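Below is one structure, written out as structure tokens; comments come after it.
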Amino acid sequence: ERFTIAAASDLRFALEDVIAVYRAQYPDHAFEVVYGSSGKMTTQIMNGAPYDLFFSADISFPERLHAAGFSATEPAVYAIGRIVIWSNTLDASGLTLEDLADASIRRIAIAQPAHAPYGLRAQEAMEAAGVWDRVQGKLVFGENIAQTAQMVESGAAEVGIIALSLAMFPALAAHGYHLIDDGLHNPLTQGFIVTKRGGAKPAAMNFARFMETDEAHRIMEAYGFVMPR
Amino acid sequence: MLGLSPADWQAIEVTFKLCLYTTLILLVIATPLAWWLSAKRSGLRVAVQAVVALPLVLPPTVLGFYLLVALGPRGVVGQTLENIGLTHLAFSFEGILVASVIYSMPFAVQPLYEAFSNLSRRHVEVASALGANLFDRFFTVILPLTRGGFVVAATLTFAHTLGEFGVILMLGGSIPGETKVLSVLIYDHTEAMNYEAAHRLSAMLLVFAFLTLFVVYGINRRFQIAKL
Amino acid sequence: MLGLSPADWQAIEVTFKLCLYTTLILLVIATPLAWWLSAKRSGLRVAVQAVVALPLVLPPTVLGFYLLVALGPRGVVGQTLENIGLTHLAFSFEGILVASVIYSMPFAVQPLYEAFSNLSRRHVEVASALGANLFDRFFTVILPLTRGGFVVAATLTFAHTLGEFGVILMLGGSIPGETKVLSVLIYDHTEAMNYEAAHRLSAMLLVFAFLTLFVVYGINRRFQIAKL
Amino acid sequence: MILQVRAHWRRDRFELAVEMQLPLEGVTALFGRSGCGKTSLLRVIAGLERLKGAEVMLGGQVWQQGRQFVPLHRRRIGLVFQEHSLLPHLSVRDNLLYGYRRTPLPERRLHLAEVAAMLGLDALLDRGIDQLSGGQRQRVSLGRALLTSPRLLLLDEPLSALDTQTKREIMPFLSRLAVEAGVPMIMISHAPDEVERLADRVVFMRDGRIDCIETLREALARPDSPLFDEEGPASVLQGDLAPPTDNGLHPFQIGSERIWLVGASGRARGDARLRILARDVALALDLPGRTSVLNQLPVSVERIDPGPDGRVTVACRLADGQVLLSQITAWSAQSLALRPGTGAYALIKSVALME
Amino acid sequence: MILQVRAHWRRDRFELAVEMQLPLEGVTALFGRSGCGKTSLLRVIAGLERLKGAEVMLGGQVWQQGRQFVPLHRRRIGLVFQEHSLLPHLSVRDNLLYGYRRTPLPERRLHLAEVAAMLGLDALLDRGIDQLSGGQRQRVSLGRALLTSPRLLLLDEPLSALDTQTKREIMPFLSRLAVEAGVPMIMISHAPDEVERLADRVVFMRDGRIDCIETLREALARPDSPLFDEEGPASVLQGDLAPPTDNGLHPFQIGSERIWLVGASGRARGDARLRILARDVALALDLPGRTSVLNQLPVSVERIDPGPDGRVTVACRLADGQVLLSQITAWSAQSLALRPGTGAYALIKSVALME
Ligand SMILES: Nc1ncnc2c1ncn2[C@@H]1O[C@H](COP(=O)(O)OP(=O)(O)OP(=O)(O)O)[C@@H](O)[C@H]1O
Ligand SMILES: Nc1ncnc2c1ncn2[C@@H]1O[C@H](COP(=O)(O)OP(=O)(O)OP(=O)(O)O)[C@@H](O)[C@H]1O
Ligand SMILES: [Mg+2]
Ligand SMILES: [Mg+2]
């Protein structure tokens with residue numbers, strides 16, 4: 001029986017590694033992963049999307065689905081995200097949030113705070129660091145965290161605030177990053193559910209359980225996610 | 001082949017089917033519609049003409065959202081379909097086909113409307129006088145004389161469907177082999193920073209589109225109709 | 001007013017400016033281009049005609065990405081601009097304007113090409129014989145006789161620019177007051193599941209577009225040219 | 001075959017109001033000034049305008065009446081439009097064959113080869129229609145209509161762009177088609193010579209109304225006929241044509257009198273019609289002496305009508321009762337003291353035999 | 001003013017090869033069969049076809065030579081196309097005024113009111129051009145060209161869709177324009193009556209080549225002229241027109257002889273031309289007695305040419321040396337024993353004064 005996983009874009013690299021391990025253990029389990037924005041996927045699930053598991057970038061979406069009766073399980077936290085300052089033109093490891101206000105930095109890319117959890121946390125962090133007002137004219141907004149990274153990668157924006165999981169992806173890891181103190185923003189609690197549809201599929205439930213194993217946690221941690229205790 | 005994975009080929013197949021069906025269906029729908037629009041001047045017809053263009057002004061994902069709501073299991077259309085024993089249209093090939101048809105409608109209707117508006121009544125009268133019935137007139141006179149409009153309609157529709165992904169992503173949910181089209185695949189590749197694959201597919205798409213258009217436009221010009 | 005926030009109004013202003021400028025610039029660019037394309041049959045012209053349609057076949061965000069690379073500070077165009085003392089085009093209104101122009105080009109070029117192809121040479125000759133120079137002929141004969149093509153070109157361009165957000169999102173970075181257009185705003189609202197705001201803005205956009213198109217199409221029909 | 005038309009049509013300031021019963025044998029000319037409604041009438045007959053309340057009937061067949069309406073493509077009408085109307089996407093050949101191919105096999109009377117030859121289009125068959133001269137295009141239009149082997153031909157100035165010689169090749173063909181194949185024609189023409197040569201009947205139109213319907217004979221006999229605008233009045237004489245005598249001239253017998261004709265070679269003998277322009281007929285009280293005027297018929301003056309420009313038209317009765325018109329100056333009429341009953345000689349110089 | 005044209009143009013199977021020097025005073029008719037290249041020649045003169053190696057010069061001015069090329073819109077040519085060419089987006093008035101508005105004020109000789117009145121378009125000015133009849137459209141085309149007050153008029157069958165009466169209203173206007181305003185015209189026409197009434201000069205074309213260029217006089221005097229296809233040969237006599245005498249007729253003095261004319265009222269006296277069809281001239285050896293034939297001129301037979309259908313054309317010399325053609329049957333010529341030198345009387349019935 002096939003099942004489908006819907007996952008937030010920031011999970012892309014980490015989840016691929018998890019899956020590789022999972023497939024090795026359960027070679028007869030057939031499934032696909034669809035990546036997208038958490039908001040879009042929530043809407044889709046509410047309108048009959050054939051997704052069996054939903055890994056959101058923010059626990060509020062699974063909670064909403066659960067409240068509306070679309071889930072088979074309680075929303076569970078599977079990881080906590082971190083954000084970093086990243087650049088591929090400057091050495092970001094030496095940058096701080098305060099440096100972002102510097103005139104030499106013309107463009108800062110963050111994800112759209114209105115709907116992307118990573119964007120909202122970036123905003124909170126800059127507010128806490130007291131630079132939010134001073135960077136207003138420099139901000140450009142990506143649709144999601146992956147697009148934000150692309151804006152920086154193209155060189156059009158000097159720096160960006162992106163997910164640690166992305167900055168650790170081999171293609172981007174060549175450049176340094178500055179990890180933002182997680183005390184400066186609310187936690188990026190990432191939660192998941194098994195949908196109504198997935199609840200009837202033992203394989204889907206099995207994958208959900210696999211995400212709680214140490215093996216999965218180790219991979220997630222390698223990508224900079226903090227694991228829930 | 002061409003360094004493409006089976007997933008790529010699957011997406012190519014879906015894409016090609018989608019573009020082809022969309023174009024064909026649109027020509028079939030748009031032709032009578034444009035004819036009706038061009039036949040007389042009336043408020044109703046102008047209004048319909050304006051309405052046809054409306055799907056264009058919404059952001060594709062938003063349009064996709066509304067379509068999802070309408071065609072999905074809880075929407076008017078979807079529910080009606082389910083009630084009569086069919087399945088709703090969200091997350092299915094049929095669904096993205098309907099969406100593409102709606103979304104590309106203005107690209108088919110407008111050029112055809114224009115072509116029909118410019119059609120000389122005399123030529124149609126001549127064909128009648130020579131014994132051609134309505135059907136015959138359409139295929140032997142109206143169609144050849146408005147062929148340019150059909151070419152514009154078909155190429156714009158085809159190209160636009162090829163590139164569209166906002167609506168499809170939302171309504172289709174990028175299910176491999178069903179709703180995952182090439183544009184969604186390329187989008188995924190860029191999101192995954194898998195640039196090499198994205199470039200390769202983009203280049204292929206461009207070359208394919210270029211060749212198709214080159215041939216279509218070339219043929220269209222070769223049989224240019226005498227202008228007097 | 002209308003329950004809109006200042007941010008909404010800002011987006012409306014940017015959108016309106018973008019659509020207007022895109023349409024105007026495209027008409028100015030597409031007119032000579034379409035004229036040149038329609039003037040003679042040659043391989044080069046067919047190729048150019050096909051190339052014009054190509055931006056359409058790429059997924060908008062991907063096109064946006066390529067444009068971002070090209071127009072940004074490290075891209076060919078952006079660097080050239082910086083070298084001559086200007087600023088690169090990424091994340092600026094000028095940038096999304098350029099992108100819109102490129103992206104909507106086929107919607108302007110194709111209908112105009114078709115209109116020019118159907119233009120009777122006789123009428124242009126008549127105007128010459130009556131003492132009208134090239135410029136004069138263009139405005140008093142060619143333009144009125146191909147008006148339908150211009151209306152199709154302008155409305156498709158306008159509507160398409162109104163709804164486009166993939167390219168703009170990527171290249172523009174949705175900077176309020178600069179590159180944040182209405183379609184991006186509506187998209188943001190739906191992504192944030194802020195449906196009420198999305199519905200209100202969508203409805204407004206649809207009503208506005210409908211009225212505009214209704215008036216334009218109505219006027220176009222009122223001055224329908226005699227067909228003989 | 002009778003064509004019945006009743007129609008009332010307001011086109012802005014112009015009003016067509018027609019009610020007629022038209023016998024259709026042979027060629028009927030529709031004659032009237034520019035803008036008088038000839039083309040409009042043809043459109044009504046063809047069914048290109050579906051007017052409310054209009055009635056069109058051909059023979060026993062209803063084409064339009066009340067809610068009944070036979071569409072043009074089932075009326076089998078050969079239509080030649082006044083203005084160029086070739087199908088631009090087809091070659092000359094395909095234009096010619098468009099209607100032919102849609103004509104049921106058994107109904108095909110004319111074929112491409114003969115029509116193309118007759119119209120001088122042989123060498124042009126593979127051209128596009130933008131590679132034709134104006135007159136060539138007109139001939140293709142005509143040929144295309146002929147090739148549908150229609151039941152009725154409606155021709156809107158079909159020869160206007162043609163030179164005299166070409167016209168003279170085509171007109172006999174149309175005549176023959178009307179007579180031999182029995183295809184009635186309604187032809188609009190501004191050229192009196194075409195009307196006189198082809199028509200059996202003339203419908204005179206004025207300001208959207210039918211003025212009168214006359215046989216050509218009647219039309220020509222009427223001194224004030226609009227046909228005479230160009231050449232003045234003429235008379236048509238019926239008689240018997242004999243083969244040429246030794247002098248190379250044909251005797252044309254009218255009762256006991258004889259008129260000598262030139263240029264009738266190749267014509268069958270028998271019943272024939274002569275058309276004599278009134279201005280070609282002089283009157284003399286004495287028989288002239290040695291002169292080249294061969295025909296000198298005794299007549300009696302019947303009526304003298306004043307004409308334009310100081311001329312009068314004298315109606316003379318021949319011995320066998322037919323009327324011959326003569327146009328002379330008022331001054332001559334006066335100095336010869338002509339009045340009804342005067343006996344005179346009609347001197348006729350040139351005489352044309354009607355086709 | 002001399003128009004020089006040299007052009008060589010291959011249009012597929014058709015070849016136009018023209019090299020001519022054409023004196024342009026008055027009206028020049030371009031005459032030839034359908035498809036012989038008349039329209040093509042006009043297009044070359046107008047500069048609508050920029051042929052390589054072609055040369056066009058008007059007066060001293062170069063219009064085309066080598067790389068020099070004056071575009072049509074600066075040539076100030078009034079052009080009437082063979083086929084309907086009104087601008088469909090403009091009303092009748094705006095069509096008429098399109099060229100007028102682009103004519104510099106001091107150059108404007110004709111104005112809307114007079115042209116519209118002359119062409120009978122007054123009531124149609126506010127119409128769209130799809131609300132006109134065929135003839136009305138043709139008149140608008142002509143009017144539009146006239147209103148540019150051109151230096152040269154090129155008319156491609158400008159009267160073909162018009163009825164006789166309308167033509168007869170327009171032709172004098174064109175004549176006057178050519179003579180009084182000195183606007184030369186080149187006119188294509190298939191109607192010999194138009195050519196004879198309007199033209200001063202005829203260019204005969206055949207198969208893409210100029211056959212010959214003749215004055216109308218020469219063209220009409222030539223018995224085998226293509227112009228005679230319709231009416232047979234004619235002669236043109238020069239003389240002096242006097243006001244009408246008591247009998248209501250105008251005396252037309254040719255040397256010591258006099259011809260009585262009808263229908264010349266309103267014409268200025270003085271130099272004038274008479275056109276007499278050869279078939280309207282009979283010959284007699286004796287003066288006839290009391291007859292309506294007013295004109296009986298003594299002539300001497302000069303030459304007898306055989307004509308078609310058993311007729312001969314007799315060239316007669318009048319007392320003042322001008323030549324008058326007479327067409328009679330060969331049999332008459334024989335029975336009257338006509339031969340060069342024979343003295344005879346030319347009996348001329350009807351006589352038309354040329355416009
Ligand atoms: N575009 C073309 N290509 C090739 N041949 C052409 C083209 N246009 C016209 N011709 C040929 O050139 C010849 C001359 O054409 P043109 O129009 O000059 O004739 P015309 O003398 O004006 O005839 P008409 O009296 O019928 O109008 C014709 O035989 C015609 O078939
Ligand atoms: N579409 C129209 N709307 C209004 N009036 C029209 C329309 N078409 C023609 N007319 C008018 O109707 C009258 C008759 O037109 P029609 O074409 O029947 O004339 P016609 O006798 O064929 O003239 P011609 O010999 O000039 O072709 C004309 O006075 C014309 O102005
Ligand atoms: Mg007409
Ligand atoms: Mg011609």
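Numbering starts fresh at 1 for the residues of each chain in the structure tokens, the chains themselves are lettered A, B, ... in the order given, and ligands are numbered from 1 as they appear.
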| Counting only C-alpha atoms and all ligand atoms, what residues are within 6 Å of ligand 1, given as a PyMOL selection string? | (chain D and resi 130-136) or (chain E and resi 11-12+14+34-40)
| request: Could you please tell me, as a PyMOL selection string, which residues of chain D have an atom within 12 Å of chain C when using only C-alpha atoms? | output: chain D and resi 81-85+88+130
Dump N, CA and C atoms for the selected residues as a JSON list (two decimals), in the first residue's frame?
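result14.json, written as the output of this step:
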[["chain", "number", "residue", "atom", "x", "y", "z"],
["D", 81, "PHE", "N", -21.14, 38.39, -57.25],
["D", 81, "PHE", "CA", -21.26, 39.62, -56.49],
["D", 81, "PHE", "C", -20.70, 40.79, -57.30],
["D", 82, "GLN", "N", -21.17, 41.98, -56.94],
["D", 82, "GLN", "CA", -20.72, 43.17, -57.66],
["D", 82, "GLN", "C", -19.22, 43.40, -57.45],
["D", 83, "GLU", "N", -18.80, 43.16, -56.20],
["D", 83, "GLU", "CA", -17.38, 43.38, -55.94],
["D", 83, "GLU", "C", -16.68, 42.05, -55.77],
["D", 84, "HIS", "N", -15.46, 42.08, -56.11],
["D", 84, "HIS", "CA", -14.56, 40.95, -56.01],
["D", 84, "HIS", "C", -14.83, 40.09, -54.77],
["D", 85, "SER", "N", -15.03, 38.82, -54.96],
["D", 85, "SER", "CA", -15.41, 37.98, -53.82],
["D", 85, "SER", "C", -14.78, 36.60, -53.92],
["D", 88, "PRO", "N", -9.87, 33.91, -50.76],
["D", 88, "PRO", "CA", -8.45, 34.23, -50.84],
["D", 88, "PRO", "C", -7.51, 33.07, -50.52],
["D", 130, "ASP", "N", -4.43, 36.49, -55.77],
["D", 130, "ASP", "CA", -3.79, 37.81, -55.69],
["D", 130, "ASP", "C", -2.84, 38.03, -56.84]]
| request: Write out as a list in words which residues come within 9 Å of Pro176 (chain B) when counting only C-alpha atoms, dropping same-chain ones fewer than 3 positions away. | output: Glu32 of chain A; Ala7, Gln10, Ala11, Val14, Thr179, Lys180 and Val181 of chain B
For the residues in the current selection, export all heavy atoms as a PDB file, in the first residue's frame.
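Output file selection.pdb follows:
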ATOM      1  N   GLU A  32       5.730   8.332  -1.445  1.00  0.00           N
ATOM      2  CA  GLU A  32       6.320   9.507  -2.083  1.00  0.00           C
ATOM      3  C   GLU A  32       6.326  10.666  -1.107  1.00  0.00           C
ATOM      4  O   GLU A  32       5.546  10.689  -0.161  1.00  0.00           O
ATOM      5  CB  GLU A  32       5.474   9.961  -3.271  1.00  0.00           C
ATOM      6  CG  GLU A  32       5.624   9.142  -4.512  1.00  0.00           C
ATOM      7  CD  GLU A  32       4.301   8.527  -4.914  1.00  0.00           C
ATOM      8  OE1 GLU A  32       3.258   9.061  -4.494  1.00  0.00           O
ATOM      9  OE2 GLU A  32       4.342   7.523  -5.628  1.00  0.00           O
TER      10      GLU A  32
ATOM     11  N   ALA B   7      11.367   9.552 -13.235  1.00  0.00           N
ATOM     12  CA  ALA B   7      10.451  10.569 -12.709  1.00  0.00           C
ATOM     13  C   ALA B   7      10.304  11.721 -13.702  1.00  0.00           C
ATOM     14  O   ALA B   7       9.218  12.255 -13.916  1.00  0.00           O
ATOM     15  CB  ALA B   7      10.975  11.089 -11.374  1.00  0.00           C
ATOM     16  N   GLN B  10       8.134  10.605 -16.491  1.00  0.00           N
ATOM     17  CA  GLN B  10       6.743  10.584 -16.072  1.00  0.00           C
ATOM     18  C   GLN B  10       6.144  11.996 -16.119  1.00  0.00           C
ATOM     19  O   GLN B  10       5.046  12.210 -16.636  1.00  0.00           O
ATOM     20  CB  GLN B  10       6.693  10.055 -14.635  1.00  0.00           C
ATOM     21  CG  GLN B  10       5.426   9.342 -14.303  1.00  0.00           C
ATOM     22  CD  GLN B  10       5.555   8.663 -12.943  1.00  0.00           C
ATOM     23  OE1 GLN B  10       6.298   9.134 -12.065  1.00  0.00           O
ATOM     24  NE2 GLN B  10       4.842   7.581 -12.766  1.00  0.00           N
ATOM     25  N   ALA B  11       6.909  12.960 -15.620  1.00  0.00           N
ATOM     26  CA  ALA B  11       6.441  14.340 -15.616  1.00  0.00           C
ATOM     27  C   ALA B  11       6.264  14.846 -17.040  1.00  0.00           C
ATOM     28  O   ALA B  11       5.301  15.550 -17.363  1.00  0.00           O
ATOM     29  CB  ALA B  11       7.428  15.232 -14.865  1.00  0.00           C
ATOM     30  N   VAL B  14       3.004  13.467 -18.397  1.00  0.00           N
ATOM     31  CA  VAL B  14       1.837  14.174 -17.858  1.00  0.00           C
ATOM     32  C   VAL B  14       1.717  15.556 -18.473  1.00  0.00           C
ATOM     33  O   VAL B  14       0.634  15.987 -18.883  1.00  0.00           O
ATOM     34  CB  VAL B  14       1.941  14.280 -16.316  1.00  0.00           C
ATOM     35  CG1 VAL B  14       0.807  15.127 -15.771  1.00  0.00           C
ATOM     36  CG2 VAL B  14       1.923  12.903 -15.686  1.00  0.00           C
ATOM     37  N   THR B 179      -0.378  14.390 -11.397  1.00  0.00           N
ATOM     38  CA  THR B 179      -0.477  15.843 -11.480  1.00  0.00           C
ATOM     39  C   THR B 179       0.895  16.515 -11.397  1.00  0.00           C
ATOM     40  O   THR B 179       0.985  17.724 -11.334  1.00  0.00           O
ATOM     41  CB  THR B 179      -1.342  16.408 -10.342  1.00  0.00           C
ATOM     42  OG1 THR B 179      -0.721  16.086  -9.108  1.00  0.00           O
ATOM     43  CG2 THR B 179      -2.742  15.833 -10.376  1.00  0.00           C
ATOM     44  N   LYS B 180       1.934  15.719 -11.372  1.00  0.00           N
ATOM     45  CA  LYS B 180       3.257  16.331 -11.301  1.00  0.00           C
ATOM     46  C   LYS B 180       3.735  16.610 -12.708  1.00  0.00           C
ATOM     47  O   LYS B 180       4.143  15.707 -13.427  1.00  0.00           O
ATOM     48  CB  LYS B 180       4.236  15.407 -10.588  1.00  0.00           C
ATOM     49  CG  LYS B 180       5.602  16.039 -10.386  1.00  0.00           C
ATOM     50  CD  LYS B 180       6.297  15.455  -9.180  1.00  0.00           C
ATOM     51  CE  LYS B 180       7.464  16.278  -8.744  1.00  0.00           C
ATOM     52  NZ  LYS B 180       7.881  15.913  -7.391  1.00  0.00           N
ATOM     53  N   VAL B 181       3.664  17.866 -13.080  1.00  0.00           N
ATOM     54  CA  VAL B 181       4.055  18.233 -14.430  1.00  0.00           C
ATOM     55  C   VAL B 181       5.482  18.746 -14.420  1.00  0.00           C
ATOM     56  O   VAL B 181       6.075  18.976 -13.374  1.00  0.00           O
ATOM     57  CB  VAL B 181       3.108  19.296 -15.019  1.00  0.00           C
ATOM     58  CG1 VAL B 181       1.709  18.733 -15.208  1.00  0.00           C
ATOM     59  CG2 VAL B 181       3.093  20.530 -14.164  1.00  0.00           C
TER      60      VAL B 181
END
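Distances from C:Val101, C:Val184, C:Leu24, C:Leu63 to chain A were compared using only C-alpha atoms, and the smallest one belongs to C:Val184.
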| Contact residues (chain C, partner chain A, 12 Å, only C-alpha atoms) as number ranges by chain | C: 61-62, 64-75, 78-79, 87-92, 95, 165-180, 184-195
| Taking only C-alpha atoms into account, what are the residues of chain C at most 8 Å from chain B, put as a ChimeraX atom specification? | /C:41,43,46-47,49-51,53-54,56-62,106-107,110-111,114,118-122,148-149,152,156,159-166,183-184,186-187,190,202,205-206,209-210,213-214,217-218,221-222,227-228
| task | May I have the residues of chain D within 6 Å of chain E, counting only C-alpha atoms, written as a list in words? | result | Arg33, Ser34, Gly35, Ser133, Gly135, Ser160, Asp163, His190, Asn247, Val262, Gly263, Ala282, Leu283, Ala284, Leu285, Asp286, Pro288, Gly289, Arg290, Thr291, Ser292, Asp309, Trp331 and Ser332 of chain D
Could you write those residues out with N, CA, C and O atoms, as a compact mmCIF listing (two decimals), in the first residue's frame?
# COMPACT_ATOMS: atom_id res chain seq x y z
N ARG D 33 -30.41 53.45 -61.90
CA ARG D 33 -29.25 54.28 -61.56
C ARG D 33 -28.51 53.75 -60.35
O ARG D 33 -29.03 52.96 -59.57
N SER D 34 -27.31 54.22 -60.19
CA SER D 34 -26.49 53.81 -59.05
C SER D 34 -27.21 54.14 -57.75
O SER D 34 -27.70 55.25 -57.56
N GLY D 35 -27.32 53.15 -56.89
CA GLY D 35 -27.94 53.38 -55.59
C GLY D 35 -29.44 53.19 -55.56
O GLY D 35 -30.09 53.48 -54.57
N SER D 133 -5.36 39.98 -62.55
CA SER D 133 -5.78 41.35 -62.81
C SER D 133 -7.27 41.46 -62.46
O SER D 133 -7.95 40.45 -62.24
N GLY D 135 -9.90 42.22 -64.20
CA GLY D 135 -10.80 41.55 -65.12
C GLY D 135 -10.72 40.04 -65.00
O GLY D 135 -11.72 39.33 -65.14
N SER D 160 -18.45 44.18 -65.86
CA SER D 160 -18.07 45.59 -65.81
C SER D 160 -16.57 45.83 -65.97
O SER D 160 -16.17 46.88 -66.44
N ASP D 163 -12.97 44.07 -71.10
CA ASP D 163 -12.86 44.81 -72.35
C ASP D 163 -13.89 44.30 -73.34
O ASP D 163 -14.43 43.20 -73.21
N HIS D 190 -25.09 48.23 -66.25
CA HIS D 190 -25.25 49.64 -66.56
C HIS D 190 -25.00 49.88 -68.04
O HIS D 190 -25.13 51.01 -68.49
N ASN D 247 -24.90 39.61 -103.87
CA ASN D 247 -24.23 40.83 -103.41
C ASN D 247 -23.57 40.66 -102.04
O ASN D 247 -23.04 41.61 -101.48
N VAL D 262 -25.85 43.38 -93.33
CA VAL D 262 -24.47 42.93 -93.38
C VAL D 262 -24.16 42.22 -92.08
O VAL D 262 -24.84 42.39 -91.08
N GLY D 263 -23.14 41.44 -92.14
CA GLY D 263 -22.61 40.87 -90.89
C GLY D 263 -23.51 39.90 -90.19
O GLY D 263 -23.49 39.80 -88.97
N ALA D 282 -33.36 57.93 -91.47
CA ALA D 282 -33.71 59.24 -92.02
C ALA D 282 -35.01 59.09 -92.79
O ALA D 282 -35.42 57.99 -93.15
N LEU D 283 -35.67 60.21 -93.01
CA LEU D 283 -36.90 60.16 -93.78
C LEU D 283 -36.73 61.02 -95.03
O LEU D 283 -36.04 62.03 -95.02
N ALA D 284 -37.32 60.57 -96.14
CA ALA D 284 -37.27 61.37 -97.37
C ALA D 284 -38.63 61.31 -98.01
O ALA D 284 -39.34 60.31 -97.90
N LEU D 285 -39.01 62.41 -98.65
CA LEU D 285 -40.30 62.40 -99.34
C LEU D 285 -40.14 61.85 -100.75
O LEU D 285 -41.04 61.23 -101.29
N ASP D 286 -38.97 62.09 -101.34
CA ASP D 286 -38.66 61.53 -102.67
C ASP D 286 -37.69 60.38 -102.48
O ASP D 286 -36.89 60.38 -101.55
N PRO D 288 -34.36 58.87 -103.01
CA PRO D 288 -33.08 59.48 -103.37
C PRO D 288 -32.51 58.83 -104.62
O PRO D 288 -32.92 57.73 -105.00
N GLY D 289 -31.58 59.50 -105.20
CA GLY D 289 -30.97 58.96 -106.42
C GLY D 289 -29.92 57.92 -106.12
O GLY D 289 -30.10 57.09 -105.23
N ARG D 290 -28.78 57.98 -106.81
CA ARG D 290 -27.73 57.00 -106.60
C ARG D 290 -27.07 57.25 -105.24
O ARG D 290 -26.45 58.29 -105.04
N THR D 291 -27.20 56.31 -104.34
CA THR D 291 -26.66 56.50 -103.00
C THR D 291 -26.27 55.16 -102.39
O THR D 291 -26.72 54.10 -102.84
N SER D 292 -25.44 55.23 -101.37
CA SER D 292 -25.03 54.00 -100.69
C SER D 292 -26.09 53.51 -99.72
O SER D 292 -25.97 52.45 -99.14
N ASP D 309 -33.06 68.27 -77.24
CA ASP D 309 -32.11 68.97 -78.10
C ASP D 309 -32.66 69.28 -79.49
O ASP D 309 -31.95 69.11 -80.50
N TRP D 331 -36.47 70.71 -87.08
CA TRP D 331 -36.45 71.61 -88.25
C TRP D 331 -36.72 70.81 -89.54
O TRP D 331 -37.52 71.23 -90.39
N SER D 332 -36.08 69.64 -89.66
CA SER D 332 -36.34 68.78 -90.82
C SER D 332 -37.80 68.39 -90.88
O SER D 332 -38.44 68.43 -91.93
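In the superposition of chain D on chain E, with all Cα atoms paired by position, the RMSD stands at 0.5 Å.
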| query | Hey, what's within 8 Å of Leu87 (chain D) if we count only C-alpha atoms and toss same-chain stuff fewer than 2 positions away? As a list of chain:residue names, please? | reply | B:His123, B:Val141, D:Ser85, D:His89, D:Leu90, D:Asn95, D:Ile129
| field | Filtered DSSP result for region 132-312 of chain E, state helix (DSSP H, G or I), as number ranges by chain | value | E: 134-146, 164-180, 192-198, 216-221, 228-231, 278-280
| request: Identify, with DSSP run on backbone atoms, the residues in region 25-193 of chain E assigned to strand (DSSP E), and express the list as a VMD selection string. | output: chain E and resid 27 to 31 55 to 58 61 to 65 68 to 69 77 to 80 152 to 156 185 to 188
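Reported to one decimal place, the separation of CA of Leu147 (chain D) from CA of Arg108 (chain D) is 7.7 Å.
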Which residues are close to Ile145 (chain A), i.e. within 7 Å by only C-alpha atoms, leaving aside same-chain residues fewer than 4 positions away? Reply as a tab-separated table (two decimals) with C-alpha atoms, in the first residue's frame.
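Saved to part_33.tsv:
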chain	number	residue	atom	x	y	z
A	10	ASP	CA	12.78	23.25	5.21
A	111	ALA	CA	11.03	34.42	4.48
A	118	TYR	CA	11.08	30.85	9.71
A	149	ALA	CA	18.17	30.92	0.35
A	162	ILE	CA	17.52	30.91	6.73
A	163	ALA	CA	17.02	27.59	8.40
| query | Of the residues E:Ile213, E:Val92, E:Ile276, E:Ala337, which is the one nearest to ligand 2, using only C-alpha atoms and all ligand atoms? | reply | E:Val92
| said: With distances taken over only C-alpha atoms and all ligand atoms, which residue among D:Arg93, D:Leu24, D:Leu42, D:Gly343 lies nearest ligand 3? | reply: D:Leu42
| query | What does the distance from CA of Thr89 (chain A) to CA of Val152 (chain A) come to in Å, to one decimal? | reply |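 It comes out at 8.6 Å.
Neighbouring residues of Gln238 (chain D) at 7 Å or closer, counting only C-alpha atoms and skipping chain neighbours under 5 positions away, are Ala272, Arg273 and Leu274 of chain D.
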